[in-house]
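The file target-v2.tsv contains TSV, C-alpha atoms:
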```
chain	number	residue	atom	x	y	z
F	167	MET	CA	-0.33	-14.57	-10.87
F	168	THR	CA	-3.71	-13.71	-9.43
F	169	TYR	CA	-4.45	-12.99	-5.80
F	170	ASP	CA	-7.18	-14.90	-4.01
F	171	LEU	CA	-9.40	-13.71	-1.16
F	172	ASP	CA	-7.05	-15.23	1.42
F	173	PHE	CA	-4.24	-13.01	0.15
F	174	TYR	CA	-6.37	-9.86	0.39
F	175	LYS	CA	-7.54	-10.79	3.88
F	176	ALA	CA	-3.96	-11.36	5.06
F	177	TYR	CA	-2.76	-8.17	3.36
F	178	SER	CA	-5.54	-6.12	4.96
F	179	GLU	CA	-4.55	-7.43	8.38
F	180	TYR	CA	-0.89	-6.68	7.64
F	181	LEU	CA	-1.64	-3.07	6.66
F	182	VAL	CA	-3.25	-2.22	9.99
F	183	GLU	CA	0.00	-2.94	11.83
F	184	GLU	CA	1.17	0.49	12.97
F	185	ARG	CA	4.73	0.28	11.62
F	186	VAL	CA	3.61	-1.10	8.25
F	187	ARG	CA	0.91	1.57	7.88
F	188	ASN	CA	3.39	4.32	8.78
F	189	VAL	CA	5.93	3.12	6.21
F	190	HIS	CA	3.30	2.80	3.48
F	191	ASP	CA	1.94	6.27	4.27
F	192	SER	CA	5.43	7.77	4.26
F	193	LEU	CA	6.25	6.28	0.87
F	194	LEU	CA	2.95	7.33	-0.65
F	195	ASN	CA	3.46	10.87	0.68
F	196	ILE	CA	6.85	11.00	-1.02
F	197	PHE	CA	5.25	9.97	-4.31
F	198	LYS	CA	2.59	12.67	-3.92
F	199	THR	CA	5.29	15.38	-3.98
F	200	ASN	CA	5.83	14.59	-7.67
F	201	PHE	CA	2.86	15.68	-9.81
F	202	ASP	CA	3.37	12.69	-12.14
F	203	PHE	CA	2.52	10.39	-9.24
F	204	ASN	CA	-0.34	12.47	-7.87
F	205	ASN	CA	-2.86	9.65	-8.37
F	206	VAL	CA	-0.87	6.71	-6.99
F	207	VAL	CA	-3.02	3.82	-5.77
F	208	ASP	CA	-1.61	1.19	-3.42
F	209	PHE	CA	-2.76	-2.18	-4.77
F	210	GLY	CA	-0.38	-4.06	-2.53
F	211	CYS	CA	3.02	-5.57	-2.92
F	212	GLY	CA	3.69	-8.27	-5.38
```

Taking this structure as input, can you express it in the form of structure tokens?
Amino acid sequence: MTYDLDFYKAYSEYLVEERVRNVHDSLLNIFKTNFDFNNVVDFGCG
């Protein structure tokens, strides 16, 4: 499955919602505590 521009536009709008951004940031911070996940990139859910 490939994502089109409409998906990325909708996802970008979704990520600026305060609660969503906070949850994403919290999860990524947890991953950063493990050196193996030091370079995690959030490409979106899917």

Computed interatomic separation between CA of Ala176 in chain F and CA of Val189 in chain F (Å): 17.6 Å

CA of Asn204 in chain F to CA of Asn188 in chain F, straight-line distance in Å: 18.9 Å

Point-to-point distance from CA of Tyr169 in chain F to CA of Asn200 in chain F, Å rounded to tenths: 29.5 Å

With C-alpha atoms as the atom set, please write range 170-210 of chain F from the structure just given, as a PDB file, in the first residue's frame.
```
ATOM      1  CA  ASP F 170      -0.912   9.539  -1.497  1.00  0.00           C
ATOM      2  CA  LEU F 171      -0.575  13.267  -0.859  1.00  0.00           C
ATOM      3  CA  ASP F 172      -4.043  13.406   0.711  1.00  0.00           C
ATOM      4  CA  PHE F 173      -2.926  10.923   3.359  1.00  0.00           C
ATOM      5  CA  TYR F 174       0.182  12.944   4.221  1.00  0.00           C
ATOM      6  CA  LYS F 175      -1.828  16.161   4.385  1.00  0.00           C
ATOM      7  CA  ALA F 176      -4.385  14.580   6.726  1.00  0.00           C
ATOM      8  CA  TYR F 177      -1.648  12.981   8.838  1.00  0.00           C
ATOM      9  CA  SER F 178       0.218  16.287   9.160  1.00  0.00           C
ATOM     10  CA  GLU F 179      -2.955  17.972  10.380  1.00  0.00           C
ATOM     11  CA  TYR F 180      -3.563  15.105  12.818  1.00  0.00           C
ATOM     12  CA  LEU F 181      -0.066  15.376  14.304  1.00  0.00           C
ATOM     13  CA  VAL F 182      -0.490  19.015  15.301  1.00  0.00           C
ATOM     14  CA  GLU F 183      -3.363  18.120  17.630  1.00  0.00           C
ATOM     15  CA  GLU F 184      -1.905  18.664  21.100  1.00  0.00           C
ATOM     16  CA  ARG F 185      -2.873  15.289  22.579  1.00  0.00           C
ATOM     17  CA  VAL F 186      -1.666  13.355  19.529  1.00  0.00           C
ATOM     18  CA  ARG F 187       1.650  15.241  19.460  1.00  0.00           C
ATOM     19  CA  ASN F 188       2.172  14.646  23.187  1.00  0.00           C
ATOM     20  CA  VAL F 189       1.539  10.899  22.859  1.00  0.00           C
ATOM     21  CA  HIS F 190       3.845  10.586  19.851  1.00  0.00           C
ATOM     22  CA  ASP F 191       6.577  12.550  21.625  1.00  0.00           C
ATOM     23  CA  SER F 192       6.208  10.444  24.773  1.00  0.00           C
ATOM     24  CA  LEU F 193       6.527   7.194  22.840  1.00  0.00           C
ATOM     25  CA  LEU F 194       9.503   8.406  20.833  1.00  0.00           C
ATOM     26  CA  ASN F 195      11.212   9.547  24.049  1.00  0.00           C
ATOM     27  CA  ILE F 196      10.750   6.060  25.493  1.00  0.00           C
ATOM     28  CA  PHE F 197      12.387   4.551  22.415  1.00  0.00           C
ATOM     29  CA  LYS F 198      15.303   6.981  22.714  1.00  0.00           C
ATOM     30  CA  THR F 199      16.203   5.533  26.137  1.00  0.00           C
ATOM     31  CA  ASN F 200      17.314   2.344  24.362  1.00  0.00           C
ATOM     32  CA  PHE F 201      20.490   2.879  22.322  1.00  0.00           C
ATOM     33  CA  ASP F 202      19.276   0.407  19.669  1.00  0.00           C
ATOM     34  CA  PHE F 203      16.420   2.790  18.884  1.00  0.00           C
ATOM     35  CA  ASN F 204      18.462   5.979  19.072  1.00  0.00           C
ATOM     36  CA  ASN F 205      17.706   6.883  15.443  1.00  0.00           C
ATOM     37  CA  VAL F 206      13.961   6.181  15.328  1.00  0.00           C
ATOM     38  CA  VAL F 207      12.103   8.100  12.631  1.00  0.00           C
ATOM     39  CA  ASP F 208       8.326   8.532  12.780  1.00  0.00           C
ATOM     40  CA  PHE F 209       7.027   7.829   9.274  1.00  0.00           C
ATOM     41  CA  GLY F 210       3.455   7.638  10.477  1.00  0.00           C
TER      42      GLY F 210
END
```
